[in-house]
Amino acid sequence: MTKLGLFFLVLGVILIYALYKHYEPDLPSVEAIKEYRLQVPLRVYTEDGKLISVFGTKKRIPVSIDDIPLQVKQAYIAAEDASFYSHPGFDIKGIMRAVWQIVTTGKKQGGGSTITQQLTRNVFLTLDQTWTRKIKELFLAVKLERTISKDEILELYLNKIALGHRSYGVAAAAEVYYGKTLDELTLAQAAMLAAPPKAPSRINPVTNPERALQRRNYVLGRMLDLGFITQQQHDEAVVEKDEAYVHEPVVEVNAPWVAEMVRTQMIDQYGDDAYTDGYNVVTTIHSEKQLAAEAALQKGLHAYDRRHGYRGPIEQYDLSHLVNAEPIAAGQAGEVQDLESITEALNGFPKPAGLQAALVLEVDAAQAVARLGDGQDVVLTFETSAWAVPYVDNYRVGDKPKDLTEILSMGDVVMVKRGESGEFELSQIPSVQGALVSMHPDDGSIYALVGGFDYYLSKFNRATQAKRQPGSGFKPIVYSGALEHGLHASTIINDAPIVFEDDQLERTWRPENYSEKFFGPTRLREGIVSSRNLVSIRVLRQMGIRNGRDHILKFGFNADDVPADLSIALGSPNVPIIDMSRAFSVFANGGYLVQPHLIKSITNQAGETVYRYQGVQVCPECQVTVDVADETGDDEADLSLEPVDWTMPIDPNAPLPIKPAPQVIAAENQFIIESFMKDVIIRGTGTKAQSLERRDLAGKTGTTNDQMDAWFNGYQRNHVTNVWVGFDTPQPMGRGEVGGRVALPIWIDYMQVALADEPEYIRPVPPGVIAAKVNRETGKLMQPGEVGGLLEYFKVGQLPEEGDTEDDVDYDDLF
């Protein structure tokens, strides 16, 4: 018997070894086991660490075994594998029990798989119910136990396991079901997380709370049996009411256009692995500024929309059968059901930017009762609805309403929102659109970006994808070129009618000022401050179209967007809004061209930094001057990630080498143009910005023909902010809807927040600039002792002479 037993023992060992060698080629390598990475979604954060978005179908939050509470670990061990810390990867008793059940009943009644086996099956093998797979699972479990520690196995298991509602791992399940972190769970909730593994889609506290509760109490009983908890803890946990429901990730900052830009860049770099490899992207976005930008843009678009009247209800229901009915609460069942179905349908309407649909149930002269999709009835008053004059077109509105019955009717479905007082008021979705970009001019980091009124109505990103004419917003760039080509701040240019037969424009062109008036001889400074179109055209003509265009391209615009004709003096190029932000950064930072960027750093699943932004930055002390006309003239603002070695982690704390931004205009040029734009705010088209009560603001309004585009491009030394408003399909916005009325209020509302903690900056006068008094009318230098005049800035060596103005010149001869 001893020899026979030894024989069968040896035979068994040989058989097992033979089976192992047979299946070994199909088993993953030790390296694959050690390097296995969880599928973790892509997360996007603000610069100050607030969540913007999560991308990926699986909800997973990797957590170290040391950070998993003991009771959570014990709950799983009690539920799935009580001998986990003592077995070699498989439980021989469990296997024999499962085999006996199959032999005696013909079916498997209980599991014999350890946590290690479950992990190997879920991670490295298929879920096929075959003997081959079970044998592989057994061998791989043993191999896994010999490769990594028990704690490493348990950590991988608790991070990998499917727990229902697309949650994978205990940390994600805690957030999905309870909106908590693991350390915030009660004992009962920890036990509940151990309920789903057997059948996560069917046994979880949301899909089947009764069955999940039974399983939770079973887990608590096992924890008691194993001595993990006391009888008192068990009894208290068993009677605890479970209040699980699906919690979506808490998005702390609404920046969907930013999130989409990041997603696109990550897919470009990593492919579909970006969704699963656990990257955390920290953007340059500041949460408070982003929220302020969105609120300011929405407020400004609503303001324009209200000025142009009410376009009527978005839907109309016939509620005549309710007129003579009893009060709804006591009405006939059919009528109540009919109203309920309409109420439910209200939830299908869009809910952009805090708006929601409401059904008008009653209306009289002073107020109306409207029902929301949640069944709540709210009151709308004539006082808050009096703005709703009938819309005719973008130039006209109808007669002012005398009472609420002229605005609303029973059965109307209208959009409402909470007003500043907290009460609901009539509103509508604006038909006009807009965009806002704000960035730091020294390195191009984007503080805030909003691409439209509401992302979920239209995902088109007007901040980066739209190309619109900047109108007079281009004039500071054109005038900067003029200073480089012989003109100065008090050069006199004639503001008078002119007609061009331009071969490039292929038509007779009769440009006009917005006011349709002409002001005669005008100093260069006044050309910007008063936004004189004819002055700008003559300025460009005098310095030469080619010279002007070459200078414009220094500011980073795409050469294909900038035509070679006189219309560029009036901002005819169609350019992305973000390109205007880069251009005005040149004025804000002292003359340097930077690259707008959105991604500050990226870390991988292991927490290693794999990317840090290393682009150019303003560095005056570096004394690097580069002619970038050819280098940047074909580039739009490129927000893609610059090339780095993506294969190696980098030290997140190591100092980065400085890459000096190229200087594209001289400090003297920048200072004088900035003084022009400060005057725009002090006494020109941007005077509303004085409400910010700062002396360090500069900017320029922009309005195109027929008010199709309205802009304000402005800055403080550390904040460049550009706002555009217009229709997606260009059309006139209406008389008077210019940059100073439409875009500037948005800019002011945003900058009120952005500059709240920013000290006032007074730029020093560069060494190459001198101040001298000139005659207001002639632009000539004042004689010593002469009374009056005004102080003007000039480059050293370019003071106007007695004959330096154009008093005796035939202005048409300039062309």
# chains A, B, ... in the order shown; residues from 1 in each chain; ligands from 1

call {"tool": "select_by_dssp", "arguments": {"residues": "region 607-730 of chain A", "states": "alpha helix (DSSP H)", "output": "number ranges by chain"}}
result
A: 629-632, 667-683

call {"tool": "select_by_dssp", "arguments": {"residues": "region 354-535 of chain A", "states": "strand (DSSP E or B)", "output": "VMD selection string"}}
result
chain A and resid 356 to 363 367 to 372 377 to 381 390 to 393 396 to 397 412 to 418 424 to 427 433 to 439 445 to 450 467 to 468 492 to 495 500 to 502 507 to 509 520 to 523

call {"tool": "closest_atom_pairs", "arguments": {"of": "region 658-684 of chain A", "to": "region 754-774 of chain A", "cutoff": "9 Å", "atoms": "only C-alpha atoms", "output": "Markdown table"}}
result
| residue | atom | partner | partner_atom | distance |
| --- | --- | --- | --- | --- |
| A:Ala667 | CA | A:Pro766 | CA | 6.5 |
| A:Glu668 | CA | A:Val769 | CA | 5.9 |
| A:Asn669 | CA | A:Val769 | CA | 8.9 |
| A:Phe671 | CA | A:Val765 | CA | 7.3 |
| A:Ile672 | CA | A:Val769 | CA | 8.3 |

call {"tool": "closest_residue", "arguments": {"among": "A:Ala606, A:Ile578, A:Ile650, A:Val664", "to": "Asn461 (chain A)", "atoms": "only C-alpha atoms"}}
result
A:Ile578

call {"tool": "closest_residue", "arguments": {"among": "A:Arg776, A:His321, A:Arg612, A:Arg307", "to": "Gly788 (chain A)", "atoms": "only C-alpha atoms"}}
result
A:Arg776

call {"tool": "residues_around", "arguments": {"residues": "Gly434 (chain A)", "least_positions_apart": "6", "cutoff": "8 Å", "atoms": "only C-alpha atoms", "output": "short mmCIF file (atom, residue, chain, number, x, y, z; two decimals) with C-alpha atoms, in the first residue's frame"}}
result
data_model
loop_
_atom_site.label_atom_id
_atom_site.label_comp_id
_atom_site.auth_asym_id
_atom_site.auth_seq_id
_atom_site.Cartn_x
_atom_site.Cartn_y
_atom_site.Cartn_z
CA LEU A 297 -20.57 85.31 -21.22
CA LEU A 301 -25.60 86.99 -24.36
CA GLY A 451 -16.59 78.41 -26.49
CA GLY A 452 -20.27 79.40 -26.57
CA PHE A 453 -23.47 79.88 -24.61
CA ARG A 462 -15.96 79.30 -31.09
CA VAL A 723 -14.41 88.48 -25.99
CA TRP A 724 -16.27 87.91 -29.25
CA VAL A 725 -20.05 87.99 -29.83
CA GLY A 726 -21.92 87.22 -33.05
CA PHE A 727 -24.12 84.72 -34.85
#

call {"tool": "closest_residue", "arguments": {"among": "A:Gln376, A:Val787, A:Val586, A:Ile748", "to": "Glu693 (chain A)", "atoms": "only C-alpha atoms"}}
result
A:Ile748

call {"tool": "closest_residue", "arguments": {"among": "A:Ser581, A:Gln71, A:Gln118, A:Thr384", "to": "Leu187 (chain A)", "atoms": "only C-alpha atoms"}}
result
A:Gln71

call {"tool": "closest_residue", "arguments": {"among": "A:Lys241, A:Lys467, A:Arg211, A:Lys700", "to": "Pro573 (chain A)", "atoms": "only C-alpha atoms"}}
result
A:Lys467

call {"tool": "atom_distance", "arguments": {"atom1": "CA of Gly422 (chain A)", "atom2": "CA of Asp364 (chain A)"}}
result
21.9 Å

call {"tool": "atom_distance", "arguments": {"atom1": "CA of Ala303 (chain A)", "atom2": "CA of Val437 (chain A)"}}
result
19.7 Å

call {"tool": "closest_residue", "arguments": {"among": "A:Gly684, A:Pro649, A:Gly544, A:Gly739", "to": "Asp709 (chain A)", "atoms": "only C-alpha atoms"}}
result
A:Gly739

call {"tool": "residues_around", "arguments": {"residues": "Ile658 (chain A)", "least_positions_apart": "5", "cutoff": "8 Å", "atoms": "only C-alpha atoms", "output": "list in words"}}
result
Gln614, Val616, Gln617 and Cys619 of chain A

call {"tool": "write_last_selection", "arguments": {"atoms": "all heavy atoms", "output": "PDB file, in the first residue's frame"}}
result
ATOM      1  N   GLN A 614       6.813  72.941 -21.357  1.00  0.00           N
ATOM      2  CA  GLN A 614       8.159  73.490 -21.456  1.00  0.00           C
ATOM      3  C   GLN A 614       8.258  74.467 -22.625  1.00  0.00           C
ATOM      4  O   GLN A 614       9.282  74.535 -23.302  1.00  0.00           O
ATOM      5  CB  GLN A 614       9.185  72.365 -21.625  1.00  0.00           C
ATOM      6  CG  GLN A 614       9.195  71.363 -20.480  1.00  0.00           C
ATOM      7  CD  GLN A 614      10.241  70.282 -20.646  1.00  0.00           C
ATOM      8  OE1 GLN A 614      11.356  70.544 -21.065  1.00  0.00           O
ATOM      9  NE2 GLN A 614       9.872  69.052 -20.332  1.00  0.00           N
ATOM     10  N   VAL A 616       7.833  78.342 -24.615  1.00  0.00           N
ATOM     11  CA  VAL A 616       8.536  79.608 -24.460  1.00  0.00           C
ATOM     12  C   VAL A 616       7.860  80.480 -23.404  1.00  0.00           C
ATOM     13  O   VAL A 616       6.670  80.335 -23.137  1.00  0.00           O
ATOM     14  CB  VAL A 616       8.601  80.380 -25.794  1.00  0.00           C
ATOM     15  CG1 VAL A 616       9.378  79.580 -26.833  1.00  0.00           C
ATOM     16  CG2 VAL A 616       7.203  80.731 -26.299  1.00  0.00           C
ATOM     17  N   GLN A 617       8.635  81.353 -22.817  1.00  0.00           N
ATOM     18  CA  GLN A 617       8.110  82.307 -21.860  1.00  0.00           C
ATOM     19  C   GLN A 617       8.887  83.609 -21.965  1.00  0.00           C
ATOM     20  O   GLN A 617      10.012  83.639 -22.458  1.00  0.00           O
ATOM     21  CB  GLN A 617       8.183  81.759 -20.441  1.00  0.00           C
ATOM     22  CG  GLN A 617       9.581  81.363 -19.993  1.00  0.00           C
ATOM     23  CD  GLN A 617       9.591  80.755 -18.611  1.00  0.00           C
ATOM     24  OE1 GLN A 617       9.244  81.412 -17.635  1.00  0.00           O
ATOM     25  NE2 GLN A 617       9.965  79.495 -18.518  1.00  0.00           N
ATOM     26  N   CYS A 619      11.198  86.444 -21.181  1.00  0.00           N
ATOM     27  CA  CYS A 619      12.429  86.499 -20.395  1.00  0.00           C
ATOM     28  C   CYS A 619      13.262  87.680 -20.896  1.00  0.00           C
ATOM     29  O   CYS A 619      14.212  87.510 -21.656  1.00  0.00           O
ATOM     30  CB  CYS A 619      13.207  85.185 -20.534  1.00  0.00           C
ATOM     31  SG  CYS A 619      14.740  85.120 -19.578  1.00  0.00           S
TER      32      CYS A 619
END

call {"tool": "closest_atom_pairs", "arguments": {"of": "region 362-477 of chain A", "to": "region 343-355 of chain A", "cutoff": "9 Å", "atoms": "only C-alpha atoms", "output": "JSON lines"}}
result
{"residue": "A:Arg371", "atom": "CA", "partner": "A:Thr343", "partner_atom": "CA", "distance": 7.2}
{"residue": "A:Leu372", "atom": "CA", "partner": "A:Thr343", "partner_atom": "CA", "distance": 6.9}
{"residue": "A:Gly373", "atom": "CA", "partner": "A:Leu346", "partner_atom": "CA", "distance": 4.9}
{"residue": "A:Asp374", "atom": "CA", "partner": "A:Thr343", "partner_atom": "CA", "distance": 7.5}
{"residue": "A:Gly375", "atom": "CA", "partner": "A:Thr343", "partner_atom": "CA", "distance": 6.6}
{"residue": "A:Val413", "atom": "CA", "partner": "A:Leu346", "partner_atom": "CA", "distance": 8.2}
{"residue": "A:Met415", "atom": "CA", "partner": "A:Leu355", "partner_atom": "CA", "distance": 6.1}
{"residue": "A:Val416", "atom": "CA", "partner": "A:Leu355", "partner_atom": "CA", "distance": 5.6}
{"residue": "A:Lys417", "atom": "CA", "partner": "A:Leu355", "partner_atom": "CA", "distance": 4.9}
{"residue": "A:Arg418", "atom": "CA", "partner": "A:Gly354", "partner_atom": "CA", "distance": 7.9}
{"residue": "A:Ser427", "atom": "CA", "partner": "A:Leu355", "partner_atom": "CA", "distance": 7.7}
{"residue": "A:Gln428", "atom": "CA", "partner": "A:Leu355", "partner_atom": "CA", "distance": 7.8}
{"residue": "A:Ile429", "atom": "CA", "partner": "A:Pro352", "partner_atom": "CA", "distance": 7.7}
{"residue": "A:Phe453", "atom": "CA", "partner": "A:Ala353", "partner_atom": "CA", "distance": 7.5}
{"residue": "A:Asp454", "atom": "CA", "partner": "A:Pro352", "partner_atom": "CA", "distance": 5.9}
{"residue": "A:Tyr455", "atom": "CA", "partner": "A:Pro352", "partner_atom": "CA", "distance": 8.3}
{"residue": "A:Tyr456", "atom": "CA", "partner": "A:Pro352", "partner_atom": "CA", "distance": 7.1}
{"residue": "A:Leu457", "atom": "CA", "partner": "A:Pro352", "partner_atom": "CA", "distance": 7.0}

call {"tool": "closest_atom_pairs", "arguments": {"of": "region 156-214 of chain A", "to": "region 76-88 of chain A", "cutoff": "12 Å", "atoms": "only C-alpha atoms", "output": "Markdown table"}}
result
| residue | atom | partner | partner_atom | distance |
| --- | --- | --- | --- | --- |
| A:Tyr157 | CA | A:Tyr76 | CA | 9.9 |
| A:Leu158 | CA | A:Tyr76 | CA | 8.5 |
| A:Ile161 | CA | A:Tyr76 | CA | 10.8 |
| A:Gly169 | CA | A:Tyr76 | CA | 11.8 |
| A:Val170 | CA | A:Tyr76 | CA | 10.1 |
| A:Ala190 | CA | A:Tyr76 | CA | 9.0 |
| A:Ala191 | CA | A:Tyr76 | CA | 7.8 |
| A:Met192 | CA | A:Tyr76 | CA | 9.9 |
| A:Leu193 | CA | A:Tyr76 | CA | 8.4 |
| A:Ala194 | CA | A:Tyr76 | CA | 5.4 |
| A:Ala195 | CA | A:Ala79 | CA | 7.9 |
| A:Pro196 | CA | A:Ala79 | CA | 10.4 |
| A:Pro197 | CA | A:Glu80 | CA | 8.7 |
| A:Lys198 | CA | A:Glu80 | CA | 9.1 |

call {"tool": "write_last_selection", "arguments": {"atoms": "N, CA, C and O atoms", "output": "PDB file, in the first residue's frame"}}
result
ATOM      1  N   TYR A 157      -6.886  42.964  -6.684  1.00  0.00           N
ATOM      2  CA  TYR A 157      -8.259  42.442  -6.698  1.00  0.00           C
ATOM      3  C   TYR A 157      -9.266  43.530  -6.319  1.00  0.00           C
ATOM      4  O   TYR A 157     -10.280  43.726  -6.987  1.00  0.00           O
ATOM      5  N   LEU A 158      -8.992  44.256  -5.243  1.00  0.00           N
ATOM      6  CA  LEU A 158      -9.930  45.272  -4.766  1.00  0.00           C
ATOM      7  C   LEU A 158      -9.986  46.491  -5.675  1.00  0.00           C
ATOM      8  O   LEU A 158     -10.928  47.279  -5.600  1.00  0.00           O
ATOM      9  N   ILE A 161     -12.012  44.522  -9.289  1.00  0.00           N
ATOM     10  CA  ILE A 161     -13.284  43.824  -9.263  1.00  0.00           C
ATOM     11  C   ILE A 161     -14.448  44.684  -9.752  1.00  0.00           C
ATOM     12  O   ILE A 161     -14.548  45.875  -9.452  1.00  0.00           O
ATOM     13  N   GLY A 169     -13.587  48.359  -8.774  1.00  0.00           N
ATOM     14  CA  GLY A 169     -12.778  48.631  -7.612  1.00  0.00           C
ATOM     15  C   GLY A 169     -13.589  49.253  -6.492  1.00  0.00           C
ATOM     16  O   GLY A 169     -14.617  49.904  -6.715  1.00  0.00           O
ATOM     17  N   VAL A 170     -13.122  49.047  -5.268  1.00  0.00           N
ATOM     18  CA  VAL A 170     -13.898  49.448  -4.108  1.00  0.00           C
ATOM     19  C   VAL A 170     -13.997  50.974  -3.969  1.00  0.00           C
ATOM     20  O   VAL A 170     -15.028  51.495  -3.521  1.00  0.00           O
ATOM     21  N   ALA A 190     -19.438  49.201   4.035  1.00  0.00           N
ATOM     22  CA  ALA A 190     -18.274  48.408   3.634  1.00  0.00           C
ATOM     23  C   ALA A 190     -18.698  46.980   3.305  1.00  0.00           C
ATOM     24  O   ALA A 190     -18.234  46.387   2.317  1.00  0.00           O
ATOM     25  N   ALA A 191     -19.586  46.424   4.117  1.00  0.00           N
ATOM     26  CA  ALA A 191     -20.083  45.070   3.852  1.00  0.00           C
ATOM     27  C   ALA A 191     -20.911  45.026   2.576  1.00  0.00           C
ATOM     28  O   ALA A 191     -20.864  44.052   1.818  1.00  0.00           O
ATOM     29  N   MET A 192     -21.668  46.107   2.316  1.00  0.00           N
ATOM     30  CA  MET A 192     -22.474  46.159   1.093  1.00  0.00           C
ATOM     31  C   MET A 192     -21.589  46.145  -0.150  1.00  0.00           C
ATOM     32  O   MET A 192     -21.958  45.570  -1.178  1.00  0.00           O
ATOM     33  N   LEU A 193     -20.429  46.764  -0.074  1.00  0.00           N
ATOM     34  CA  LEU A 193     -19.534  46.755  -1.239  1.00  0.00           C
ATOM     35  C   LEU A 193     -19.051  45.343  -1.561  1.00  0.00           C
ATOM     36  O   LEU A 193     -18.646  45.065  -2.692  1.00  0.00           O
ATOM     37  N   ALA A 194     -19.082  44.460  -0.572  1.00  0.00           N
ATOM     38  CA  ALA A 194     -18.660  43.077  -0.795  1.00  0.00           C
ATOM     39  C   ALA A 194     -19.803  42.205  -1.301  1.00  0.00           C
ATOM     40  O   ALA A 194     -19.611  41.009  -1.545  1.00  0.00           O
ATOM     41  N   ALA A 195     -20.995  42.792  -1.480  1.00  0.00           N
ATOM     42  CA  ALA A 195     -22.147  42.010  -1.948  1.00  0.00           C
ATOM     43  C   ALA A 195     -22.128  41.746  -3.450  1.00  0.00           C
ATOM     44  O   ALA A 195     -22.460  40.644  -3.884  1.00  0.00           O
ATOM     45  N   PRO A 196     -21.767  42.700  -4.302  1.00  0.00           N
ATOM     46  CA  PRO A 196     -21.928  42.511  -5.746  1.00  0.00           C
ATOM     47  C   PRO A 196     -21.013  41.517  -6.451  1.00  0.00           C
ATOM     48  O   PRO A 196     -21.381  41.057  -7.530  1.00  0.00           O
ATOM     49  N   PRO A 197     -19.822  41.167  -5.951  1.00  0.00           N
ATOM     50  CA  PRO A 197     -18.916  40.371  -6.784  1.00  0.00           C
ATOM     51  C   PRO A 197     -19.504  39.113  -7.387  1.00  0.00           C
ATOM     52  O   PRO A 197     -19.120  38.720  -8.498  1.00  0.00           O
ATOM     53  N   LYS A 198     -20.422  38.455  -6.717  1.00  0.00           N
ATOM     54  CA  LYS A 198     -21.004  37.227  -7.264  1.00  0.00           C
ATOM     55  C   LYS A 198     -21.767  37.487  -8.560  1.00  0.00           C
ATOM     56  O   LYS A 198     -21.728  36.685  -9.490  1.00  0.00           O
TER      57      LYS A 198
END

call {"tool": "atom_distance", "arguments": {"atom1": "CA of Val258 (chain A)", "atom2": "CA of Pro441 (chain A)"}}
result
18.8 Å
